[in-house]
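> Here it is: the structure, laid out below.
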Amino acid sequence: MISNGTSKTVVKLHVNGETRDVMIRSADTLLETLREQLGLTGAKRACQNGDCGACTVLVNGEPMHACLSLSIETVNQPIMTIEGLRNSSIQQEFVDKWAIQCGYCTPGFILNCHALANKRPDADDETIEEWMQSNLCRCTGYQEIKEAVKSVLQNHKNDSAS
Amino acid sequence: MIPFDFEYYRPESLTEAVQTYETLISQSKTVLYYSGGTEFLTFSRVNQLYADAIIDLKGIPECNVLELQEDQLVIGSAVSLNNITESNLYPLLGQTVKKIADHTSRNKISIGGNLHSRLIYREAVLPLLVADATVKLTGNDGETVHPLKDLFNQELKINPGQFIVQINISKDYTTLPFVSLKKTKISKVGYPVVSIAALVKERQIRAALSGVCPYPFRSSEIESVLNNSSLTKEEKIEKAGTLLPSPIIEDIQASRDYREFVFKNTLLETLEALEAAQA
């Protein structure tokens with residue numbers, strides 16, 4: 001049985017392909033641990049209530065709100081933050097489609113879109129919208145983001161067909 | 001930041017979970033069972049929930065089952081809402097839970113957690129009530145199975161120390177004509193002004209509602225009216241509006257009058273959709 005008391009304990013988290021020691025309280029959220037212990041500030045602190053998606057990370061390849069996960073829950077599970085995503089097609093499409101303005105929401109959007117492209121390469125418009133409703137942007141429009149996702153999915157289809 | 005410390009336990013068996021609970025209670029600790037944990041985190045962050053210890057049920061195999069076993073659909077309490085939707089094993093349940101929170105949150109929210117929610121909506125219960133689901137509980141008295149309707153009266157009422165292991169639904173219910181509708185104030189992600197799950201079994205409509213009254217409910221009186229073939233649709237809807245188990249709520253989502261208007265329109269939409277589904 002995994003257990004942790006009320007005092008701070010060192011546990012290992014598997015983040016971005018590396019095993020990292022972190023000293024946590026049971027009450028620490030994954031967002032706090034990533035930012036304050038590992039310096040991975042790509043996951044943004046915003047609503048801390050699971051409403052905005054700015055803290056989205058991938059746990060076992062699934063998008064998760066890091067503010068709604070305890071760090072201790074993610075022991076033994078692969079975690080990916082935006083710092084671990086390099087040269088992905090979705091990042092390039094965000095640039096090409098101008099799907100960025102201030103950038104605060106962008107890491108969360110990109111990780112969610114990356115997971116969508118991996119898990120649902122055949123996603124239709126309704127599915128794309130359903131996934132994207134998890135993330136809020138307050139300065140750019142959502143249209144450019146949808147275009148970036150659609151472009152990645154279309155490129156995957158073209159690559160598969162050729 | 002959660003402003004208090006607590007102990008965390010992740011047992012790997014039902015017995016270990018119950019024993020852990022009993023040990024912690026004997027130490028006079030406040031103990032909560034934990035699964036998705038989204039409400040625990042959001043409420044404890046603002047000091048509206050407290051625990052000395054939490055017992056995470058996600059490591060228990062029985063709580064993660066999601067499969068047809070002979071003539072029963074078995075759903076473990078720790079199964080996420082997205083896994084239920086993606087399995088498509090009970091489409092009415094899948095479509096209803098798909099409207100709870102947002103997609104990313106539904107990777108974390110478990111069905112057991114939604115049934116225990118401190119919020120008034122608990123929409124996952126609607127398709128379970130209309131399907132006469134049963135619930136397997138465990139606790140220090142061992143495992144017991146109960147009709148969900150016997151445990152769910154406005155909210156889930158089980159003894160301290162007990163937790164839901166699994167929910168069982170007869171396979172017969174999973175293929176019936178159904179409709180799932182949710183009306184929100186503005187956006188697609190939001191609390192319901194009105195949410196309804198309905199199906200037709202043996203030509204009889206069964207319907208459960210959330211958002212209208214301060215708790216989810218299935219009403220035999222309302223179903224009786226909806227199935228009264230001597231009434232027009234409009235008469236059924238007017239009569240159903242007089243049979244609600246509590247006054248219609250009024251809050252930031254909707255005024256009482258507007259909610260009544262949406263309730264009646266949603267009921268009409270439901271009747272028409274069920275007619276079409278049976279055609």
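Residues are referred to by chain and number: the chain letter is A, B, ... according to the order shown in the structure tokens, the number counts from 1 in that chain, and ligands are numbered separately from 1 in the order shown.
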As a list in words, please: every residue in stretch 35-138 of chain A that DSSP puts in strand (DSSP E or B).

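Taking stretch 35-138 of chain A and keeping strand (DSSP E or B) gives Thr56, Val57, Leu58, Val59, Glu62, Pro63, Met64, His65, Leu70, Pro78, Ile79 and Met80 of chain A.
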
> Could the residues of chain B that have an atom at most 9 Å from chain A be listed as a Markdown table, each with its closest atom pair and the distance in Å to one decimal, counting only C-alpha atoms and ordered by chain and ascending residue number?


| residue | atom | partner | partner_atom | distance |
| --- | --- | --- | --- | --- |
| B:Met1 | CA | A:Asp28 | CA | 7.0 |
| B:Ile2 | CA | A:Ala27 | CA | 6.0 |
| B:Pro3 | CA | A:Ala27 | CA | 8.3 |
| B:Phe4 | CA | A:Ala27 | CA | 7.3 |
| B:Asp5 | CA | A:Thr6 | CA | 5.4 |
| B:Phe6 | CA | A:Thr6 | CA | 5.2 |
| B:Glu7 | CA | A:Gly5 | CA | 4.4 |
| B:Tyr8 | CA | A:Asn4 | CA | 5.1 |
| B:Tyr9 | CA | A:Ser3 | CA | 4.3 |
| B:Arg10 | CA | A:Ile2 | CA | 5.0 |
| B:Pro11 | CA | A:Met1 | CA | 4.8 |
| B:Glu12 | CA | A:Met1 | CA | 6.1 |
| B:Glu16 | CA | A:Met1 | CA | 8.5 |
| B:Gly36 | CA | A:Ser69 | CA | 8.5 |
| B:Gly37 | CA | A:Leu68 | CA | 7.4 |
| B:Thr38 | CA | A:Leu68 | CA | 5.5 |
| B:Glu39 | CA | A:Leu68 | CA | 8.5 |
| B:Phe40 | CA | A:Leu68 | CA | 8.9 |
| B:Leu41 | CA | A:Leu68 | CA | 6.2 |
| B:Thr42 | CA | A:Asn49 | CA | 5.7 |
| B:Arg45 | CA | A:Gln48 | CA | 8.8 |
| B:Asp52 | CA | A:Thr6 | CA | 8.6 |
| B:Ala53 | CA | A:Gly5 | CA | 8.6 |
| B:Asp56 | CA | A:Glu73 | CA | 8.5 |
| B:Gly59 | CA | A:Met1 | CA | 8.5 |
| B:Ala101 | CA | A:Asp51 | CA | 8.5 |
| B:Asp102 | CA | A:Ser134 | CA | 5.1 |
| B:His103 | CA | A:Trp131 | CA | 5.5 |
| B:Thr104 | CA | A:Met64 | CA | 5.5 |
| B:Ser105 | CA | A:Met64 | CA | 6.8 |
| B:Arg106 | CA | A:Met64 | CA | 8.9 |
| B:Asn107 | CA | A:Met64 | CA | 6.8 |
| B:Lys108 | CA | A:Met64 | CA | 7.2 |
| B:Lys188 | CA | A:Gln133 | CA | 8.2 |
| B:Val189 | CA | A:Gln133 | CA | 7.3 |

> Any chance you could list, as a ChimeraX atom specification, the residues in chain A that come up alpha helix (DSSP H) when DSSP is run on the backbone?

/A:30-32,89-96,106-119,125-132,143-161

> Write out as a ChimeraX atom specification the residues lying within 7 Å of B:Val193, counting only C-alpha atoms and excluding same-chain residues fewer than 4 positions away.

/B:183-185,211-212,253-254,259

> Just how far from atom CA of B:Gly76 is atom CA of B:Tyr90, in Å to one decimal?

13.8 Å

> So that I can see what lies close to A:Leu40, please list as a ChimeraX atom specification the residues with an atom at most 12 Å from it, counting only C-alpha atoms and leaving out residues fewer than 2 positions away in the same chain.

/A:15-16,20,30-38,42-45,55,57,66,79-84,107

> Contacts of B:Asn114 at 8 Å or less, counting only C-alpha atoms, minus same-chain residues fewer than 4 places along, as a list in words?

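Contacts, with the query itself left out: Ile109, Ser110, Arg122, Glu123 and Ala124 of chain B.
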
> Can you pull out the residues contacting B:Tyr215? Cut-off 7 Å, using only C-alpha atoms, and skip same-chain residues under 2 positions away; I want them as a PyMOL selection string.

chain B and resi 120-121+154+210+213+217

> Can those selected residues be exported to a file as a PDB file, in the first residue's frame so that it contains N, CA and C atoms?


ATOM      1  N   ILE B 120     -25.398  19.814  -5.607  1.00  0.00           N
ATOM      2  CA  ILE B 120     -26.759  19.272  -5.594  1.00  0.00           C
ATOM      3  C   ILE B 120     -27.099  18.476  -6.856  1.00  0.00           C
ATOM      4  N   TYR B 121     -26.223  18.464  -7.852  1.00  0.00           N
ATOM      5  CA  TYR B 121     -26.635  17.964  -9.165  1.00  0.00           C
ATOM      6  C   TYR B 121     -26.487  16.444  -9.322  1.00  0.00           C
ATOM      7  N   GLN B 154     -32.541  11.919  -2.261  1.00  0.00           N
ATOM      8  CA  GLN B 154     -31.979  13.259  -2.404  1.00  0.00           C
ATOM      9  C   GLN B 154     -30.455  13.226  -2.501  1.00  0.00           C
ATOM     10  N   SER B 210     -32.415  16.423 -12.746  1.00  0.00           N
ATOM     11  CA  SER B 210     -31.510  17.150 -11.853  1.00  0.00           C
ATOM     12  C   SER B 210     -31.575  18.631 -12.235  1.00  0.00           C
ATOM     13  N   CYS B 213     -35.053  20.739  -8.865  1.00  0.00           N
ATOM     14  CA  CYS B 213     -35.255  20.807  -7.414  1.00  0.00           C
ATOM     15  C   CYS B 213     -33.873  20.761  -6.741  1.00  0.00           C
ATOM     16  N   PHE B 217     -33.863  13.489  -8.721  1.00  0.00           N
ATOM     17  CA  PHE B 217     -34.954  12.601  -8.314  1.00  0.00           C
ATOM     18  C   PHE B 217     -35.520  11.861  -9.524  1.00  0.00           C
TER      19      PHE B 217
END

> Smallest atom-to-atom distance to B:Ala207: which of B:Thr15, B:Asn159, B:Ser220, B:Thr175, using only C-alpha atoms?

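Distance minimum relative to B:Ala207 lands on B:Ser220.
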
> Write out as a list in words each polymer residue whose atoms come within 8 Å of stretch 119-121 of chain A, counting only C-alpha atoms; drop sequence neighbours fewer than 5 positions from it.

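Near neighbours after the sequence-gap exclusion: Leu153, His156 and Lys157 of chain A.
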
> Pull N, CA, C and O atoms from the residues just selected and write them as an mmCIF file, in the first residue's frame.


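Full text of part04.cif as output:
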data_model
loop_
_atom_site.group_PDB
_atom_site.id
_atom_site.type_symbol
_atom_site.label_atom_id
_atom_site.label_comp_id
_atom_site.auth_asym_id
_atom_site.auth_seq_id
_atom_site.Cartn_x
_atom_site.Cartn_y
_atom_site.Cartn_z
ATOM 1 N N LEU A 153 -4.293 17.150 -37.252
ATOM 2 C CA LEU A 153 -5.029 15.918 -37.539
ATOM 3 C C LEU A 153 -5.006 15.620 -39.039
ATOM 4 O O LEU A 153 -4.832 14.471 -39.449
ATOM 5 N N HIS A 156 -1.649 14.304 -40.061
ATOM 6 C CA HIS A 156 -1.507 12.891 -39.674
ATOM 7 C C HIS A 156 -2.197 11.993 -40.684
ATOM 8 O O HIS A 156 -1.678 10.953 -41.080
ATOM 9 N N LYS A 157 -3.421 12.425 -41.099
ATOM 10 C CA LYS A 157 -4.174 11.617 -42.068
ATOM 11 C C LYS A 157 -3.420 11.524 -43.394
ATOM 12 O O LYS A 157 -3.337 10.471 -44.000
#

> Mind pulling up the distance from atom CA of B:Cys63 to atom CA of B:Arg218?

26.1 Å

> Rank B:Thr270, B:Ser255, B:Gln95, B:Thr144 by their smallest atom-to-atom distance to B:Ala198, using only C-alpha atoms, and report the top residue only.

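Ranked by minimum distance to B:Ala198, first place goes to B:Thr270.
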
> Record the distance separating atom CA of A:Leu85 and atom CA of A:Asp159, expressed in Å with one decimal.

20.7 Å
